[in-house]
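In what follows, a structure is listed as structure tokens, so that the remarks can point back to it.
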Amino acid sequence: MSSGEGKLWVVFMMSCMTALSGAGQTQISLDAAYALQSAARPVAAIAMVQSLLDARMLSPLDTARALDLEGICYEDMGDSEKAIHALEEAQRLLAAKDSDELGAVLDNLGRVYAANGDLGSAARLYKRAFSIAEGLGEHSAMARVANNQADIALKQDHDRAARKYLQRADEQAKQAPELNNDALAAIASMKGWLALKEGDARGASIEYQKALRLWRELHGERHPLTAWGMLLVGKAQAKNGDLQGSAKNMRDGITMLASTLGEKSQRYAAAEVAYAGVLEQMGDEAQAARLRLDAQATLAMLREQHCADCSVSALALR
């Protein structure tokens, strides 16, 4: 090799190392942003993602992944308009070979439409997402999507269809040892909701307790999902006649939501309405009325800011 060729080789190798370093740094940054979202810090996660997008150094696939995460974070914050925009941009950037990423984006997009009450669009997105996951043999993705399909069925009072989807979610979960506690807890909470609708308050309590345990194991005490699990357990306790235990779990869950998501969120408003129902059963109608007024004020504020379709019923405890 001549000296000139040697210099060119050195330059080539340095360029490759720089490119690899940049790719590695991008992955580290995306992983850190995902960790922030999982820790219920969506604002910080969005800031990290936006810095990557603004640098314009991401590949189309990594840009789509970043936008997908940004959409999830906006969904967490209740900003459906920005969530849909980010997720649709992610969908547009994905190539045919990126079918596994596309399935995840469609599933996330379906959740936003479902939260907004557009169940028809959500169902169509879930159907596409499940078909993609099935074609790839991705059992964990099939389990998550089937559980989301059960959510749509339950919201439409199609309990038989919901049971079918939950059976499918169980079957796929058994073949997906990598499925994390969030997904398993979501399946358990959906089973609890179905049990309540079928009048099985004891079965609902068992499933909600399981969901709470799984969320606690993954996230600890100070997390919105742990708080939500406490509220679900409280709802089942009320159905079982344990009003004192229900009220305590709901108070603790509401306090935890206030310290994690804040008092100006859809979930907090839904929690207030659920707790108001328990207080009414206990005879405290004045406090129940105050909580409902607080929830209505929160939803009016959210509607004015960015959530034209916000409603407590869309986030009813389940």
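The chains in the structure tokens are called A, B, ... from first to last as shown; in each chain the residues are counted from 1, and the ligands are counted from 1 in the order shown.
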- Query: Got a sec: who's within 12 Å of stretch 280-287 of chain A, counting only C-alpha atoms, leaving out chain neighbours fewer than 6 positions off, as an MDAnalysis selection string?
  - Reply: chainID A and resid 238:239 241:247 272:274 293:294
Include N, CA and C atoms and write out the residues we just selected as a short mmCIF file (atom, residue, chain, number, x, y, z; two decimals), in the first residue's frame.
```
data_model
loop_
_atom_site.label_atom_id
_atom_site.label_comp_id
_atom_site.auth_asym_id
_atom_site.auth_seq_id
_atom_site.Cartn_x
_atom_site.Cartn_y
_atom_site.Cartn_z
N ALA A 238 -65.10 -0.93 46.25
CA ALA A 238 -66.42 -0.32 46.40
C ALA A 238 -67.51 -1.27 45.92
N LYS A 239 -67.25 -1.95 44.80
CA LYS A 239 -68.23 -2.91 44.28
C LYS A 239 -68.41 -4.09 45.23
N GLY A 241 -68.31 -3.78 48.44
CA GLY A 241 -68.89 -3.29 49.68
C GLY A 241 -67.89 -2.75 50.68
N ASP A 242 -66.59 -2.75 50.37
CA ASP A 242 -65.58 -2.23 51.29
C ASP A 242 -65.35 -0.74 50.99
N LEU A 243 -66.27 0.11 51.44
CA LEU A 243 -66.20 1.53 51.10
C LEU A 243 -65.03 2.23 51.79
N GLN A 244 -64.72 1.84 53.03
CA GLN A 244 -63.61 2.47 53.73
C GLN A 244 -62.28 2.17 53.03
N GLY A 245 -62.08 0.89 52.69
CA GLY A 245 -60.86 0.52 51.97
C GLY A 245 -60.79 1.18 50.61
N SER A 246 -61.93 1.27 49.94
CA SER A 246 -62.00 1.91 48.63
C SER A 246 -61.61 3.38 48.72
N ALA A 247 -62.18 4.07 49.70
CA ALA A 247 -61.91 5.50 49.85
C ALA A 247 -60.43 5.74 50.12
N GLU A 272 -61.03 11.92 40.24
CA GLU A 272 -61.92 12.70 41.11
C GLU A 272 -63.37 12.24 40.96
N VAL A 273 -63.78 11.99 39.72
CA VAL A 273 -65.16 11.54 39.48
C VAL A 273 -65.40 10.17 40.12
N ALA A 274 -64.42 9.26 39.99
CA ALA A 274 -64.57 7.93 40.58
C ALA A 274 -64.65 8.02 42.10
N LEU A 293 -67.17 19.20 40.47
CA LEU A 293 -66.94 20.56 39.95
C LEU A 293 -65.48 20.76 39.60
N ASP A 294 -64.57 20.26 40.45
CA ASP A 294 -63.14 20.36 40.15
C ASP A 294 -62.80 19.63 38.85
#
```
- Query: Got a sec: who's within 12 Å of A:Arg222, counting only C-alpha atoms, leaving out chain neighbours fewer than 3 positions off, as a PyMOL selection string?
  - Reply: chain A and resi 39-41+215-219+225-230+252-261
Selection to disk with C-alpha atoms, as an mmCIF file, in the first residue's frame:
```
data_model
loop_
_atom_site.group_PDB
_atom_site.id
_atom_site.type_symbol
_atom_site.label_atom_id
_atom_site.label_comp_id
_atom_site.auth_asym_id
_atom_site.auth_seq_id
_atom_site.Cartn_x
_atom_site.Cartn_y
_atom_site.Cartn_z
ATOM 1 C CA ALA A 39 -40.477 7.393 34.370
ATOM 2 C CA ALA A 40 -43.481 9.675 33.666
ATOM 3 C CA ARG A 41 -41.359 12.635 32.563
ATOM 4 C CA TRP A 215 -46.961 -1.724 38.090
ATOM 5 C CA ARG A 216 -45.433 -1.384 41.571
ATOM 6 C CA GLU A 217 -42.714 -3.915 40.746
ATOM 7 C CA LEU A 218 -41.776 -2.044 37.565
ATOM 8 C CA HIS A 219 -42.272 1.591 38.521
ATOM 9 C CA LEU A 225 -49.585 3.825 36.616
ATOM 10 C CA THR A 226 -49.123 2.735 40.228
ATOM 11 C CA ALA A 227 -51.586 5.460 41.209
ATOM 12 C CA TRP A 228 -54.017 4.257 38.544
ATOM 13 C CA GLY A 229 -53.719 0.717 39.862
ATOM 14 C CA MET A 230 -54.649 1.917 43.346
ATOM 15 C CA ASP A 252 -53.849 7.659 48.034
ATOM 16 C CA GLY A 253 -54.095 7.210 44.265
ATOM 17 C CA ILE A 254 -55.343 10.756 43.747
ATOM 18 C CA THR A 255 -52.535 12.139 45.914
ATOM 19 C CA MET A 256 -50.000 10.169 43.876
ATOM 20 C CA LEU A 257 -51.497 11.386 40.592
ATOM 21 C CA ALA A 258 -51.271 14.977 41.813
ATOM 22 C CA SER A 259 -47.564 14.577 42.607
ATOM 23 C CA THR A 260 -46.727 12.834 39.320
ATOM 24 C CA LEU A 261 -49.075 13.983 36.550
#
```
- Can you work out which one of A:Met301, A:Leu125, A:Leu58, A:Ala173 has the shortest atom-to-atom distance to A:Ser265, counting only C-alpha atoms?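 For A:Ser265, the nearest of the given residues is A:Met301.
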- Query: Which of these residues is nearest to A:Ser80, using only C-alpha atoms: A:Asn147, A:Gln37, A:Gln266, A:Gln172?
  - Reply: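 So, comparing all the options, the nearest one is A:Gln266.
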- Two-atom distance - atom CA of A:Ala104, atom CA of A:Ser121 (Å):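 Result for atom CA of A:Ala104 versus atom CA of A:Ser121: 15.8 Å, one decimal.
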- Compare A:Pro177, A:Gly110, A:Gly277, A:Gly192 by their minimum atom-to-atom distance to A:Glu207, counting only C-alpha atoms, and give me the closest one.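 Of the candidates, the smallest distance to A:Glu207 is held by A:Gly192.
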- With only C-alpha atoms as the basis for distance, which of A:Met77, A:Ala146, A:Ala45, A:Leu302 is at the shortest distance from A:Glu134?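 Nearest to A:Glu134: A:Ala146.
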- Query: What gap, in Å, lies between atom CA of A:Ala176 and atom CA of A:His139?
  - Reply: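 Calculated distance between atom CA of A:Ala176 and atom CA of A:His139 is 5.5 Å.
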